Amino acid sequence: MRHILAVLVENNPGVLTRVAGLFSRRGYNIDSLTVGRTENSRISRMTIVVSGDDQVLEQVTKQLHKLVDVIKINDITSDQYVDRELVLIKVGADPSVRAEIMQIVDIFRARIVDIGRKTLMIECTGDEGKINAVIESLMPFGIKELVRTGKVAMLRGHKFTSINDNREDD
Amino acid sequence: MKLSGAEIIIKSLQEEGVEAIFGYPGGQVLPIYDALYDSSLKHYLVRHEQGAAHAADGYARATGKPGVCLATSGPGATNLVTGIATAYMDSVPLIALTGQVPCDMLGKDSFQEADITGITLPITKHNFLVKDVNDLARTIKEAFHIATTGRPGPVLIDIPKDICVKQTTFKYPDKVNLRGYKPTMKGNKGQISNAVKLIGAAKRPVIYAGGGVVVSNASEELFRLAELTVSPVTTTLMGIGAFPETHPLSVGMLGMHGTKSANYAVSECDLLIAVGARFDDRVTGKLDEFAPNARIIHIDVDPAEIGKNVRVDVPIVGDVRMVLTELNDKLEQQQPTEWQERVARWKEKYPLCYEENGILKPQCIIEEIYKITNGEAIIVTEVGQNQMWAAQYYQYTKPRTFISSGGLGTMGYGLPAAIGAKVGRPDSVVIDIAGDGSIQMNIQEMATAVHYNIPVIVAILNNNYLGMVRQWQEIFYDRRYSYTDITGPDFVKLAEAYGALGMRVTEHKDVGPALKQAIEANRPVIIDFVIEREENVFPMVPPGGAIHKMLGG
Ligand SMILES: Cc1ncc(C[n+]2csc(CCOP(=O)(O)OP(=O)(O)O)c2C)c(N)n1
Ligand SMILES: [Mg+2]
């Protein structure tokens with residue numbers, strides 16, 4: 001089963017290597033990992049999507065906790081959360097098919113962010129299902145280049161993954 | 001007053017109560033060595049940085065205090081790696097200080113630059129690269145805190161040369177503030193009550209004690225637990241000394257080369273109380289057949305060890321000593337039943353044994369060492385058959401008297417670790433039980449022992465084989481002894497060349513007198529015991545087999 005972990009880490013050099021190294025050396029499967037600053041400049045936040053059974057997840061969490069730079073871990077999978085990904089797609093677009101592509105872009109509430117002589121660049125955000133769908137729809141036109149960010153996720157409502165609020169502490 | 005980074009390092013080590021450090025100089029640690037020159041810190045110059053790491057490790061295991069080693073950048077730092085990994089696998093508090101190229105040269109493949117924090121990432125509990133002299137004292141404070149608390153382990157601090165030269169005001173912090181590092185020390189009350197219930201209901205309890213008992217200085221509490229629950233006690237290799245092997249409830253070591261009584265007791269028990277142990281494959285053998293009828297209570301300070309290899313009924317995360325103290329307070333005295341008798345009968349029926357045939361046997365050498373030292377020595381080992389015989393045939397009664405590389409199994413560990421142990425515990429007789437192969441891996445440390453007159457005794461069980469590997473080749477590879485027939489120098493002459501005392505013993509009757517002479521010499525000694533070449537370590541559980549199915553013994 002896939003789990004989404006929200007992980008707060010010290011914004012120290014090498015912290016990404018520590019986390020990534022832990023996953024590879026212990027043979028855990030990362031589906032995606034994103035990292036960026038938070039409201040607190042000393043703290044970064046990672047969103048890690050990892051697959052494994054309950055026992056694997058328990059080990060992943062415990063081993064992550066052993067890293068001195070890891071401050072807090074929330075497995076948000078079974079809670080209500082919002083998750084988003086962003087994708088940029090450069091798609092082949094002769095004048096003859098541009099209208100059709102623009103229709104697809106509209107349906108997905110995506111955006112055209114660049115126009116080349118024979119290409120269009122499309123930006124789309126959404127959950128994983130939506131991103132997969134937009135990619136699939138554009139496939140027939142020929143995808144020249146594609147980049148996705150990986151997931152970021154946040155709990156809904158009054159629950160937090162932050163160091164100031166310990167209601168969700170584990 | 002402002003101090004240089006190098007002076008801050010020395011002062012900080014002194015603040016931590018460090019008395020001895022083991023090291024080797026080089027270009028990037030020149031400022032540190034300059035500060036050492038007229039400091040009161042005792043520095044031991046080893047002959048190879050691996051020796052420094054193992055010596056610091058042996059010092060730590062013998063004393064319970066953190067060991068400190070120091071090396072220059074690049075090759076000096078990489079030479080520490082095996083020593084750091086050894087300490088990591090056995091949860092030894094070790095501080096490794098390494099010099100590094102100046103900050104502005106980092107990342108440019110500068111002369112003697114090695115990314116040692118990257119290299120040691122998976123074999124340290126934590127590591128630091130200090131890039132600002134103002135962070136230095138705090139970093140050292142944090143390093144000692146991390147190395148010595150929770151589940152101890154090695155911490156490396158990489159210090160660029162310019163940081164050692166830069167000056168700042170020195171104030172050693174009195175507190176650490178690491179929001180991501182808060183080991184759980186006190187056991188959960190509910191789980192402790194659950195343990196009490198399981199113990200009350202158990203008919204056939206066994207205590208399985210590991211290195212965590214030694215690390216948390218919990219031998220007395222373990223003793224009390226054993227007596228309250230009347231449980232037979234088995235220890236792992238790392239747990240040796242945590243419970244007196246002379247006690248009627250002791251069944252000795254379990255696992256691959258464990259006693260039959262220990263392996264049978266674990267296989268038949270209905271409650272296994274695992275204390276500071278981690279269900280290593282050398283202990284459990286085939287997992288589904290390990291303690292198959294038992295409920296399991298697992299006490300460990302490292303939550304990640306619980307549930308890692310086996311399913312546990314009652315997990316208790318916490319410092320072993322604190323948890324046992326609380327648990328003991330809640331326990332009522334249990335009464336012996338038919339179970340304790342049964343275990344005693346196994347003990348009687350299946351003692352460790354070997355055949356005497358006139359040729360000098362390694363087992364009898366260990367027995368002689370036990371007799372001559374009254375079981376009071378600190379026994380350090382190399383790796384291989386020598387290590388297993390040392391574990392089996394000496395009866396350990398106190399923690400920190402058996403020092404061995406368990407998790408990593410590092411040949412070459414013994415001599416430098418013995419030197420470190422002797423530095424830390426100068427009043428104890430320290431004997432490195434060695435193999436002829438292993439001793440050649442760090443033999444250069446004889447020079448260190450002689451230079452500082454550190455009277456360690458190296459007892460080589462010389463079979464002219466990489467004996468443990470040969471044993472596997474004999475049993476599992478049809479006696480095809482591929483590259484295990486190893487030669488060595490004349491160890492007596494070698495000892496003499498180093499300025500140590502060298503002796504050779506070929507007969508049983510000379511073992512005792514030679515040992516006596518070695519102890520009385522009060523200087524470094526090598527005794528070359530020429531033993532039966534193809535002696536094997538028994539009993540033996542074939543790898544991946546169930547532990548109650550043992551070969552030999
Ligand atoms: C550094 C290192 N290299 C290789 C091994 C694999 N190994 C384990 S035991 C052993 C043989 C040790 O020979 P010796 O020191 O003579 O001890 P004996 O088994 O003969 O007592 C070897 C090669 C090891 N444990 N460590
Ligand atoms: Mg040998």
# chains A, B, ... in the order shown; residues from 1 in each chain; ligands from 1

$ residues_around --residues "range 354-370 of chain B" --least-positions-apart "4" --cutoff "9 Å" --atoms "only C-alpha atoms" --output "PDB file with C-alpha atoms, in the first residue's frame"
ATOM      1  CA  ASN B 374      40.467 -16.259  38.311  1.00  0.00           C
ATOM      2  CA  GLY B 375      38.001 -15.067  35.717  1.00  0.00           C
ATOM      3  CA  GLU B 376      38.983 -11.484  36.548  1.00  0.00           C
ATOM      4  CA  ALA B 377      40.723 -10.490  33.323  1.00  0.00           C
ATOM      5  CA  ASN B 386      39.497 -17.832  18.423  1.00  0.00           C
ATOM      6  CA  TRP B 389      36.363 -20.398  21.811  1.00  0.00           C
ATOM      7  CA  ALA B 390      37.070 -17.307  23.917  1.00  0.00           C
ATOM      8  CA  GLN B 392      32.636 -20.452  25.084  1.00  0.00           C
ATOM      9  CA  TYR B 393      35.399 -21.658  27.397  1.00  0.00           C
ATOM     10  CA  TYR B 394      35.942 -18.723  29.742  1.00  0.00           C
ATOM     11  CA  GLN B 395      33.290 -18.078  32.366  1.00  0.00           C
ATOM     12  CA  TYR B 396      32.446 -14.407  32.426  1.00  0.00           C
ATOM     13  CA  ILE B 431      44.393 -10.459  27.131  1.00  0.00           C
ATOM     14  CA  ILE B 433      42.745 -13.869  22.306  1.00  0.00           C
ATOM     15  CA  LEU B 461      45.696 -19.527  18.845  1.00  0.00           C
ATOM     16  CA  ASN B 462      47.857 -20.390  15.905  1.00  0.00           C
ATOM     17  CA  VAL B 505      53.885 -22.942  23.580  1.00  0.00           C
ATOM     18  CA  THR B 506      53.239 -26.296  21.955  1.00  0.00           C
ATOM     19  CA  GLU B 507      52.180 -28.472  24.874  1.00  0.00           C
ATOM     20  CA  HIS B 508      49.354 -28.358  27.362  1.00  0.00           C
ATOM     21  CA  VAL B 511      50.254 -23.236  28.931  1.00  0.00           C
ATOM     22  CA  GLY B 512      49.760 -22.253  32.570  1.00  0.00           C
ATOM     23  CA  LEU B 515      50.529 -17.343  30.997  1.00  0.00           C
ATOM     24  CA  PHE B 529      50.154 -21.139  20.973  1.00  0.00           C
ATOM     25  CA  VAL B 530      50.641 -23.742  18.284  1.00  0.00           C
ATOM     26  CA  ILE B 531      47.331 -25.598  18.246  1.00  0.00           C
ATOM     27  CA  GLU B 532      45.605 -28.493  16.527  1.00  0.00           C
ATOM     28  CA  GLU B 535      39.975 -28.111  15.344  1.00  0.00           C
ATOM     29  CA  PHE B 538      31.021 -26.783  18.035  1.00  0.00           C
ATOM     30  CA  GLY B 553      29.267 -30.892  20.480  1.00  0.00           C
TER      31      GLY B 553
END

$ residues_near_ligand --ligand "ligand 1" --cutoff "10 Å" --atoms "only C-alpha atoms and all ligand atoms" --output "JSON, numbers by chain"
{"B": [82, 362, 381, 382, 383, 384, 385, 386, 387, 388, 389, 390, 405, 406, 408, 409, 410, 411, 412, 413, 433, 434, 435, 436, 437, 438, 439, 440, 441, 460, 461, 462, 463, 464, 465, 466, 467, 468, 469, 470, 471, 472, 483, 484, 485, 486, 487, 488, 531, 533, 534, 535, 536, 537]}

$ residues_around --residues "Phe108 in chain A" --least-positions-apart "2" --cutoff "12 Å" --atoms "only C-alpha atoms" --output "list in words"
Ile101, Met102, Gln103, Ile104, Val105, Asp106, Ala110, Arg111, Ile112, Ile122, Glu123, Cys124, Thr125, Gly126, Asp127, Gly129, Lys130, Ile131, Asn132, Ala133, Val134, Ile135, Glu136, Ser137 and Leu138 of chain A

$ select_by_dssp --residues "range 29-92 of chain B" --states "alpha helix (DSSP H)" --output "PyMOL selection string"
chain B and resi 30-37+49-63+75-79+81-89

$ residues_around --residues "Ile10 in chain B" --least-positions-apart "6" --cutoff "8 Å" --atoms "only C-alpha atoms" --output "list in words"
Ile32, Ala35, Leu36, Ser39 and Leu41 of chain B

$ write_last_selection --atoms "N, CA, C and O atoms" --output "PDB file, in the first residue's frame"
ATOM      1  N   ILE B  32      45.583  21.162  15.393  1.00  0.00           N
ATOM      2  CA  ILE B  32      45.086  20.421  16.561  1.00  0.00           C
ATOM      3  C   ILE B  32      46.263  19.796  17.308  1.00  0.00           C
ATOM      4  O   ILE B  32      46.344  19.845  18.530  1.00  0.00           O
ATOM      5  N   ALA B  35      48.037  22.278  19.351  1.00  0.00           N
ATOM      6  CA  ALA B  35      47.347  22.579  20.613  1.00  0.00           C
ATOM      7  C   ALA B  35      47.490  21.430  21.612  1.00  0.00           C
ATOM      8  O   ALA B  35      47.503  21.642  22.821  1.00  0.00           O
ATOM      9  N   LEU B  36      47.606  20.205  21.081  1.00  0.00           N
ATOM     10  CA  LEU B  36      47.776  19.041  21.959  1.00  0.00           C
ATOM     11  C   LEU B  36      49.131  19.050  22.655  1.00  0.00           C
ATOM     12  O   LEU B  36      49.288  18.527  23.752  1.00  0.00           O
ATOM     13  N   SER B  39      49.073  20.439  26.037  1.00  0.00           N
ATOM     14  CA  SER B  39      47.854  20.258  26.828  1.00  0.00           C
ATOM     15  C   SER B  39      48.038  19.064  27.753  1.00  0.00           C
ATOM     16  O   SER B  39      48.939  18.244  27.576  1.00  0.00           O
ATOM     17  N   LEU B  41      45.923  16.685  28.010  1.00  0.00           N
ATOM     18  CA  LEU B  41      45.256  15.518  27.430  1.00  0.00           C
ATOM     19  C   LEU B  41      46.298  14.482  27.041  1.00  0.00           C
ATOM     20  O   LEU B  41      47.291  14.811  26.391  1.00  0.00           O
TER      21      LEU B  41
END

$ closest_residue --among "B:Ala459, B:Ala500, B:Leu97, B:Val541" --to "ligand 2" --atoms "only C-alpha atoms and all ligand atoms"
B:Ala459

$ interface_residues --of "chain B" --to "chain A" --cutoff "6 Å" --atoms "only C-alpha atoms" --output "PDB file with N, CA, C and O atoms, in the first residue's frame"
ATOM      1  N   GLY B 180      15.185  17.182  17.173  1.00  0.00           N
ATOM      2  CA  GLY B 180      14.932  15.921  16.475  1.00  0.00           C
ATOM      3  C   GLY B 180      15.518  14.715  17.198  1.00  0.00           C
ATOM      4  O   GLY B 180      15.485  13.609  16.672  1.00  0.00           O
ATOM      5  N   TYR B 181      16.073  14.936  18.386  1.00  0.00           N
ATOM      6  CA  TYR B 181      16.742  13.823  19.066  1.00  0.00           C
ATOM      7  C   TYR B 181      16.334  13.782  20.528  1.00  0.00           C
ATOM      8  O   TYR B 181      16.855  14.533  21.341  1.00  0.00           O
ATOM      9  N   ALA B 304      13.317   1.173  16.781  1.00  0.00           N
ATOM     10  CA  ALA B 304      13.413   0.535  15.470  1.00  0.00           C
ATOM     11  C   ALA B 304      13.823  -0.933  15.569  1.00  0.00           C
ATOM     12  O   ALA B 304      13.640  -1.701  14.627  1.00  0.00           O
TER      13      ALA B 304
END

$ atom_distance --atom1 "CA of Gly200 in chain B" --atom2 "CA of Gln334 in chain B"
7.7 Å

$ residues_around --residues "Ala93 in chain A" --least-positions-apart "2" --cutoff "7 Å" --atoms "only C-alpha atoms" --output "PyMOL selection string"
chain A and resi 91+95+97-98+118-120+141

$ write_last_selection --atoms "all heavy atoms" --output "PDB file, in the first residue's frame"
ATOM      1  N   VAL A  91       4.184  19.556 -25.748  1.00  0.00           N
ATOM      2  CA  VAL A  91       3.482  18.623 -26.618  1.00  0.00           C
ATOM      3  C   VAL A  91       3.577  19.114 -28.068  1.00  0.00           C
ATOM      4  O   VAL A  91       3.607  20.326 -28.320  1.00  0.00           O
ATOM      5  CB  VAL A  91       2.016  18.471 -26.123  1.00  0.00           C
ATOM      6  CG1 VAL A  91       1.247  19.756 -26.289  1.00  0.00           C
ATOM      7  CG2 VAL A  91       1.309  17.322 -26.796  1.00  0.00           C
ATOM      8  N   PRO A  95      -0.414  23.666 -36.142  1.00  0.00           N
ATOM      9  CA  PRO A  95      -1.611  24.529 -36.130  1.00  0.00           C
ATOM     10  C   PRO A  95      -2.902  23.727 -36.265  1.00  0.00           C
ATOM     11  O   PRO A  95      -3.922  24.072 -35.651  1.00  0.00           O
ATOM     12  CB  PRO A  95      -1.393  25.436 -37.329  1.00  0.00           C
ATOM     13  CG  PRO A  95       0.105  25.522 -37.447  1.00  0.00           C
ATOM     14  CD  PRO A  95       0.652  24.197 -37.002  1.00  0.00           C
ATOM     15  N   VAL A  97      -3.846  20.989 -34.949  1.00  0.00           N
ATOM     16  CA  VAL A  97      -4.389  20.327 -33.749  1.00  0.00           C
ATOM     17  C   VAL A  97      -4.462  21.262 -32.544  1.00  0.00           C
ATOM     18  O   VAL A  97      -4.901  20.868 -31.470  1.00  0.00           O
ATOM     19  CB  VAL A  97      -3.562  19.073 -33.375  1.00  0.00           C
ATOM     20  CG1 VAL A  97      -3.687  17.999 -34.445  1.00  0.00           C
ATOM     21  CG2 VAL A  97      -2.109  19.447 -33.113  1.00  0.00           C
ATOM     22  N   ARG A  98      -4.030  22.492 -32.727  1.00  0.00           N
ATOM     23  CA  ARG A  98      -3.953  23.387 -31.560  1.00  0.00           C
ATOM     24  C   ARG A  98      -5.305  23.584 -30.885  1.00  0.00           C
ATOM     25  O   ARG A  98      -5.409  23.600 -29.657  1.00  0.00           O
ATOM     26  CB  ARG A  98      -3.391  24.742 -31.971  1.00  0.00           C
ATOM     27  CG  ARG A  98      -1.907  24.602 -32.198  1.00  0.00           C
ATOM     28  CD  ARG A  98      -1.176  25.908 -32.161  1.00  0.00           C
ATOM     29  NE  ARG A  98       0.241  25.551 -32.273  1.00  0.00           N
ATOM     30  CZ  ARG A  98       1.236  26.406 -32.290  1.00  0.00           C
ATOM     31  NH1 ARG A  98       0.984  27.694 -32.206  1.00  0.00           N
ATOM     32  NH2 ARG A  98       2.467  25.990 -32.390  1.00  0.00           N
ATOM     33  N   LYS A 118       6.194  24.665 -33.275  1.00  0.00           N
ATOM     34  CA  LYS A 118       5.503  23.390 -33.432  1.00  0.00           C
ATOM     35  C   LYS A 118       5.114  22.762 -32.104  1.00  0.00           C
ATOM     36  O   LYS A 118       4.755  21.595 -32.047  1.00  0.00           O
ATOM     37  CB  LYS A 118       6.402  22.412 -34.196  1.00  0.00           C
ATOM     38  CG  LYS A 118       6.601  22.810 -35.633  1.00  0.00           C
ATOM     39  CD  LYS A 118       7.369  21.745 -36.367  1.00  0.00           C
ATOM     40  CE  LYS A 118       7.441  22.080 -37.844  1.00  0.00           C
ATOM     41  NZ  LYS A 118       8.470  21.288 -38.505  1.00  0.00           N
ATOM     42  N   THR A 119       5.251  23.529 -31.042  1.00  0.00           N
ATOM     43  CA  THR A 119       4.953  22.950 -29.717  1.00  0.00           C
ATOM     44  C   THR A 119       4.147  23.912 -28.852  1.00  0.00           C
ATOM     45  O   THR A 119       4.138  25.123 -29.080  1.00  0.00           O
ATOM     46  CB  THR A 119       6.243  22.628 -28.939  1.00  0.00           C
ATOM     47  OG1 THR A 119       6.974  23.847 -28.787  1.00  0.00           O
ATOM     48  CG2 THR A 119       7.088  21.584 -29.635  1.00  0.00           C
ATOM     49  N   LEU A 120       3.506  23.312 -27.853  1.00  0.00           N
ATOM     50  CA  LEU A 120       2.875  24.100 -26.788  1.00  0.00           C
ATOM     51  C   LEU A 120       3.402  23.564 -25.464  1.00  0.00           C
ATOM     52  O   LEU A 120       3.602  22.352 -25.324  1.00  0.00           O
ATOM     53  CB  LEU A 120       1.361  23.897 -26.800  1.00  0.00           C
ATOM     54  CG  LEU A 120       0.566  24.533 -27.933  1.00  0.00           C
ATOM     55  CD1 LEU A 120      -0.891  24.094 -27.834  1.00  0.00           C
ATOM     56  CD2 LEU A 120       0.676  26.051 -27.866  1.00  0.00           C
ATOM     57  N   PHE A 141      -0.898  13.482 -29.190  1.00  0.00           N
ATOM     58  CA  PHE A 141      -0.285  14.573 -29.956  1.00  0.00           C
ATOM     59  C   PHE A 141       1.234  14.483 -29.952  1.00  0.00           C
ATOM     60  O   PHE A 141       1.904  15.243 -30.645  1.00  0.00           O
ATOM     61  CB  PHE A 141      -0.732  15.927 -29.365  1.00  0.00           C
ATOM     62  CG  PHE A 141      -2.222  16.068 -29.326  1.00  0.00           C
ATOM     63  CD1 PHE A 141      -2.931  15.805 -28.163  1.00  0.00           C
ATOM     64  CD2 PHE A 141      -2.936  16.415 -30.474  1.00  0.00           C
ATOM     65  CE1 PHE A 141      -4.303  15.897 -28.124  1.00  0.00           C
ATOM     66  CE2 PHE A 141      -4.318  16.508 -30.435  1.00  0.00           C
ATOM     67  CZ  PHE A 141      -5.015  16.245 -29.268  1.00  0.00           C
TER      68      PHE A 141
END

$ residues_around --residues "range 80-86 of chain A" --least-positions-apart "6" --cutoff "7 Å" --atoms "only C-alpha atoms" --output "PyMOL selection string"
chain A and resi 124-128+148-156

$ write_last_selection --atoms "N, CA and C atoms" --output "compact mmCIF listing (two decimals), in the first residue's frame"
# COMPACT_ATOMS: atom_id res chain seq x y z
N CYS A 124 -0.05 22.06 -15.54
CA CYS A 124 -1.27 21.57 -14.89
C CYS A 124 -0.96 21.19 -13.45
N THR A 125 -1.84 21.58 -12.55
CA THR A 125 -1.69 21.11 -11.16
C THR A 125 -2.92 20.30 -10.80
N GLY A 126 -2.75 19.43 -9.85
CA GLY A 126 -3.89 18.63 -9.40
C GLY A 126 -3.41 17.43 -8.65
N ASP A 127 -4.33 16.58 -8.29
CA ASP A 127 -3.89 15.36 -7.63
C ASP A 127 -3.37 14.40 -8.68
N GLU A 128 -2.86 13.30 -8.22
CA GLU A 128 -2.17 12.39 -9.12
C GLU A 128 -3.07 11.90 -10.24
N ARG A 148 7.44 16.31 -13.80
CA ARG A 148 6.48 16.46 -12.72
C ARG A 148 7.22 16.69 -11.40
N THR A 149 6.55 17.34 -10.49
CA THR A 149 7.22 17.72 -9.25
C THR A 149 7.21 16.63 -8.21
N GLY A 150 6.31 15.68 -8.32
CA GLY A 150 6.06 14.80 -7.17
C GLY A 150 5.07 15.49 -6.26
N LYS A 151 4.55 14.71 -5.34
CA LYS A 151 3.41 15.15 -4.54
C LYS A 151 3.83 16.06 -3.40
N VAL A 152 3.02 17.08 -3.14
CA VAL A 152 3.04 17.72 -1.83
C VAL A 152 1.66 17.51 -1.22
N ALA A 153 1.59 17.44 0.08
CA ALA A 153 0.31 17.13 0.71
C ALA A 153 0.20 17.82 2.06
N MET A 154 -1.05 18.09 2.44
CA MET A 154 -1.31 18.77 3.72
C MET A 154 -2.63 18.28 4.28
N LEU A 155 -2.68 18.10 5.60
CA LEU A 155 -3.91 17.66 6.24
C LEU A 155 -4.98 18.74 6.16
N ARG A 156 -6.22 18.31 6.04
CA ARG A 156 -7.33 19.26 6.00
C ARG A 156 -7.68 19.73 7.40

$ closest_residue --among "A:Gly92, A:Gly52, A:Gly36, A:Gly27" --to "Leu146 in chain A" --atoms "only C-alpha atoms"
A:Gly92
